[in-house]
>>> print(open('structure_23.pdb').read())   # PDB, C-alpha atoms
ATOM      1  CA  MET A   1      71.897-119.298-129.653
ATOM      2  CA  THR A   2      72.527-119.822-133.351
ATOM      3  CA  LYS A   3      75.743-119.466-135.283
ATOM      4  CA  TYR A   4      75.670-117.241-138.352
ATOM      5  CA  ALA A   5      78.307-116.912-141.055
ATOM      6  CA  ILE A   6      78.825-113.371-142.262
ATOM      7  CA  TRP A   7      80.976-113.182-145.361
ATOM      8  CA  PHE A   8      81.810-111.359-148.568
ATOM      9  CA  PRO A   9      83.712-112.262-151.737
ATOM     10  CA  SER A  10      86.950-110.353-152.251
ATOM     11  CA  GLY A  11      85.573-108.754-155.416
ATOM     12  CA  ALA A  12      82.943-106.937-153.352
ATOM     13  CA  MET A  13      85.609-104.646-151.908
ATOM     14  CA  GLN A  14      86.045-101.845-154.430
ATOM     15  CA  LEU A  15      88.701 -99.835-152.608
ATOM     16  CA  THR A  16      91.652 -97.697-153.544
ATOM     17  CA  PRO A  17      95.023 -98.598-152.034
ATOM     18  CA  GLU A  18      94.746 -95.434-149.947
ATOM     19  CA  GLU A  19      91.464 -96.600-148.386
ATOM     20  CA  MET A  20      92.729-100.036-147.344
ATOM     21  CA  PRO A  21      94.649 -99.038-144.171
ATOM     22  CA  GLN A  22      91.513 -97.436-142.689
ATOM     23  CA  VAL A  23      89.383-100.452-143.672
ATOM     24  CA  VAL A  24      91.824-102.712-141.814
ATOM     25  CA  ILE A  25      91.594-100.513-138.716
ATOM     26  CA  ASP A  26      87.788-100.349-138.927
ATOM     27  CA  SER A  27      87.329-104.088-139.528
ATOM     28  CA  HIS A  28      89.621-104.956-136.609
ATOM     29  CA  ALA A  29      87.572-102.590-134.427
ATOM     30  CA  ALA A  30      84.345-104.331-135.502
ATOM     31  CA  VAL A  31      85.827-107.734-134.643
ATOM     32  CA  GLN A  32      86.971-106.395-131.255
ATOM     33  CA  GLU A  33      83.404-105.204-130.600
ATOM     34  CA  MET A  34      82.178-108.750-131.315
ATOM     35  CA  LYS A  35      84.779-110.156-128.912
ATOM     36  CA  ASP A  36      83.772-107.657-126.243
ATOM     37  CA  ALA A  37      80.094-108.612-126.742
ATOM     38  CA  GLY A  38      80.978-112.307-126.407
ATOM     39  CA  VAL A  39      79.466-113.272-129.793
ATOM     40  CA  LEU A  40      82.556-113.901-131.945
ATOM     41  CA  VAL A  41      83.268-117.525-132.843
ATOM     42  CA  PHE A  42      86.017-116.646-135.336
ATOM     43  CA  ALA A  43      86.878-114.179-138.081
ATOM     44  CA  GLY A  44      89.449-113.823-140.814
ATOM     45  CA  GLY A  45      90.102-113.619-144.494
ATOM     46  CA  ILE A  46      90.664-116.443-146.935
ATOM     47  CA  ASP A  47      94.354-116.630-147.925
ATOM     48  CA  ALA A  48      94.147-116.170-151.690
ATOM     49  CA  SER A  49      97.796-117.190-152.106
ATOM     50  CA  VAL A  50      96.883-120.781-151.187
ATOM     51  CA  ALA A  51      94.843-122.581-153.851
ATOM     52  CA  PRO A  52      91.691-124.389-152.708
ATOM     53  CA  VAL A  53      91.746-128.186-152.789
ATOM     54  CA  LEU A  54      88.708-130.391-153.316
ATOM     55  CA  VAL A  55      88.984-133.686-151.396
ATOM     56  CA  GLY A  56      86.920-136.630-152.612
ATOM     57  CA  ARG A  57      85.402-139.458-150.579
ATOM     58  CA  ASP A  58      88.285-141.671-151.675
ATOM     59  CA  GLY A  59      90.825-139.173-150.342
ATOM     60  CA  SER A  60      91.811-137.890-153.779
ATOM     61  CA  ALA A  61      92.740-134.215-153.864
ATOM     62  CA  THR A  62      92.046-131.934-156.822
ATOM     63  CA  SER A  63      93.354-128.379-157.016
ATOM     64  CA  GLY A  64      90.767-125.692-157.652
ATOM     65  CA  GLY A  65      87.965-126.446-155.217
ATOM     66  CA  PHE A  66      84.375-126.174-156.429
ATOM     67  CA  GLY A  67      85.221-123.717-159.192
ATOM     68  CA  ASP A  68      82.410-121.204-159.583
ATOM     69  CA  ARG A  69      81.372-121.416-155.908
ATOM     70  CA  VAL A  70      84.157-119.247-154.583
ATOM     71  CA  LEU A  71      84.807-118.405-150.956
ATOM     72  CA  ASP A  72      87.651-115.936-151.296
ATOM     73  CA  GLY A  73      86.980-112.933-149.088
ATOM     74  CA  GLY A  74      86.331-112.395-145.404
ATOM     75  CA  LEU A  75      84.463-114.785-143.138
ATOM     76  CA  THR A  76      83.136-114.109-139.657
ATOM     77  CA  VAL A  77      81.071-116.473-137.517
ATOM     78  CA  VAL A  78      78.997-115.143-134.641
ATOM     79  CA  ASP A  79      76.866-116.953-132.070
ATOM     80  CA  VAL A  80      73.815-114.805-131.336
ATOM     81  CA  PRO A  81      70.217-115.302-130.149
ATOM     82  CA  THR A  82      68.429-114.056-133.281
ATOM     83  CA  GLN A  83      68.869-113.433-136.983
ATOM     84  CA  GLU A  84      68.236-109.761-136.280
ATOM     85  CA  ASP A  85      71.312-109.757-134.034
ATOM     86  CA  ALA A  86      73.345-111.361-136.836
ATOM     87  CA  LEU A  87      72.081-108.726-139.270
ATOM     88  CA  ARG A  88      73.177-105.954-136.890
ATOM     89  CA  TRP A  89      76.687-107.419-136.760
ATOM     90  CA  ALA A  90      76.669-107.832-140.549
ATOM     91  CA  THR A  91      75.748-104.152-140.855
ATOM     92  CA  ARG A  92      78.696-103.263-138.626
ATOM     93  CA  LEU A  93      81.015-105.335-140.837
ATOM     94  CA  ALA A  94      79.525-103.872-144.035
ATOM     95  CA  GLN A  95      80.310-100.411-142.713
ATOM     96  CA  ALA A  96      83.840-101.379-141.688
ATOM     97  CA  CYS A  97      84.689-103.291-144.874
ATOM     98  CA  ARG A  98      82.866-100.863-147.183
ATOM     99  CA  CYS A  99      80.972-103.690-148.920
ATOM    100  CA  PRO A 100      77.805-105.791-148.523
ATOM    101  CA  GLN A 101      77.861-108.906-146.352
ATOM    102  CA  GLU A 102      75.967-112.172-146.813
ATOM    103  CA  VAL A 103      74.467-113.797-143.711
ATOM    104  CA  ARG A 104      73.781-117.529-143.428
ATOM    105  CA  ALA A 105      72.520-119.512-140.440
ATOM    106  CA  TYR A 106      74.197-122.743-139.420
ATOM    107  CA  GLY A 107      72.056-125.706-138.443
ATOM    108  CA  ASP A 108      72.669-127.116-135.000
ATOM    109  CA  ASP A 109      74.592-130.381-134.802
ATOM    110  CA  ALA A 110      74.242-131.712-131.267
ATOM    111  CA  ASP A 111      77.169-134.095-131.781
ATOM    112  CA  ALA A 112      79.598-131.429-133.010
TER     113      ALA A 112
END
>>> encode(input="structure_23.pdb", output="structure tokens")
Amino acid sequence: MTKYAIWFPSGAMQLTPEEMPQVVIDSHAAVQEMKDAGVLVFAGGIDASVAPVLVGRDGSATSGGFGDRVLDGGLTVVDVPTQEDALRWATRLAQACRCPQEVRAYGDDADA
């Protein structure tokens, strides 16, 4: 099994305020389907009200994170046998969230 991150930046969601309640219902249903299938590792949205902090090797902390490399939308991690399986779940999330999803594979770390 391989873990895949499925995510989107918040700007990808081009929704009206009236559409948002249904998107919440649909995205929660998609996550429940992942739970029921036993593939969900975790899911959620980045809390945009909390600023990112970049921590250096010396322990110094700088507000703002990496700047132009923004992770500010939704993030879901699934553990599935194939990339095709991850793409199917990403399609389900794209439908629920009404926006494209990016899929990235995690490398295995036997000590993690």
>>> residues_around(input="structure_23.pdb", residues="Leu75 in chain A", least_positions_apart="3", cutoff="8 Å", atoms="all atoms listed in the file", output="PyMOL selection string")
chain A and resi 5-8+43-46
>>> resolve_selection(input="structure_23.pdb", expression="the PyMOL selection byres ((chain A and resi 106-109) around 7)", output="PDB file with C-alpha atoms, keeping the file's coordinate frame")
ATOM      1  CA  THR A   2      72.527-119.822-133.351  1.00  0.00           C
ATOM      2  CA  LYS A   3      75.743-119.466-135.283  1.00  0.00           C
ATOM      3  CA  TYR A   4      75.670-117.241-138.352  1.00  0.00           C
ATOM      4  CA  ARG A 104      73.781-117.529-143.428  1.00  0.00           C
ATOM      5  CA  ALA A 105      72.520-119.512-140.440  1.00  0.00           C
ATOM      6  CA  ALA A 110      74.242-131.712-131.267  1.00  0.00           C
ATOM      7  CA  ASP A 111      77.169-134.095-131.781  1.00  0.00           C
ATOM      8  CA  ALA A 112      79.598-131.429-133.010  1.00  0.00           C
TER       9      ALA A 112
END
>>> closest_residue(input="structure_23.pdb", among="A:Met20, A:Ser63, A:Ser27, A:Ala96", to="Ala51 in chain A", atoms="all atoms listed in the file")
A:Ser63
>>> atom_distance(input="structure_23.pdb", atom1="CA of Ala94 in chain A", atom2="CA of Pro52 in chain A")
25.4 Å
>>> closest_residue(input="structure_23.pdb", among="A:Phe42, A:Asp58, A:Asp72, A:Ala30", to="Ala90 in chain A", atoms="all atoms listed in the file")
A:Ala30
>>> atom_distance(input="structure_23.pdb", atom1="CA of Ala48 in chain A", atom2="CA of Leu71 in chain A")
9.6 Å
>>> resolve_selection(input="structure_23.pdb", expression="the PyMOL selection byres ((chain A and resi 92) around 10)", output="list in words")
Asp26, Ser27, Ala29, Ala30, Val31, Glu33, Met34, Ala86, Leu87, Arg88, Trp89, Ala90, Thr91, Leu93, Ala94, Gln95, Ala96, Cys97, Arg98 and Gln101 of chain A
>>> write_last_selection(input="structure_23.pdb", atoms="C-alpha atoms", output="JSON list (two decimals), in the coordinates of the input")
[["chain", "number", "residue", "atom", "x", "y", "z"],
["A", 26, "ASP", "CA", 87.79, -100.35, -138.93],
["A", 27, "SER", "CA", 87.33, -104.09, -139.53],
["A", 29, "ALA", "CA", 87.57, -102.59, -134.43],
["A", 30, "ALA", "CA", 84.34, -104.33, -135.50],
["A", 31, "VAL", "CA", 85.83, -107.73, -134.64],
["A", 33, "GLU", "CA", 83.40, -105.20, -130.60],
["A", 34, "MET", "CA", 82.18, -108.75, -131.32],
["A", 86, "ALA", "CA", 73.34, -111.36, -136.84],
["A", 87, "LEU", "CA", 72.08, -108.73, -139.27],
["A", 88, "ARG", "CA", 73.18, -105.95, -136.89],
["A", 89, "TRP", "CA", 76.69, -107.42, -136.76],
["A", 90, "ALA", "CA", 76.67, -107.83, -140.55],
["A", 91, "THR", "CA", 75.75, -104.15, -140.85],
["A", 93, "LEU", "CA", 81.02, -105.34, -140.84],
["A", 94, "ALA", "CA", 79.53, -103.87, -144.04],
["A", 95, "GLN", "CA", 80.31, -100.41, -142.71],
["A", 96, "ALA", "CA", 83.84, -101.38, -141.69],
["A", 97, "CYS", "CA", 84.69, -103.29, -144.87],
["A", 98, "ARG", "CA", 82.87, -100.86, -147.18],
["A", 101, "GLN", "CA", 77.86, -108.91, -146.35]]
>>> atom_distance(input="structure_23.pdb", atom1="CA of Glu84 in chain A", atom2="CA of Val24 in chain A")
25.2 Å
>>> axis_aligned_box(input="structure_23.pdb", around="range 47-62 of chain A", padding_each_side="8 Å", output="AutoDock Vina command-line options")
--center_x 91.6 --center_y -128.9 --center_z -152.4 --size_x 28.4 --size_y 41.5 --size_z 24.9
>>> closest_residue(input="structure_23.pdb", among="A:Val23, A:Ala37, A:Ala12, A:Val80", to="Pro100 in chain A", atoms="all atoms listed in the file")
A:Ala12
>>> closest_residue(input="structure_23.pdb", among="A:Ala61, A:Gln22, A:Ser10, A:Val39", to="Asp85 in chain A", atoms="all atoms listed in the file")
A:Val39
>>> closest_residue(input="structure_23.pdb", among="A:Ile25, A:Val41, A:Val53, A:Leu15", to="Val78 in chain A", atoms="all atoms listed in the file")
A:Val41
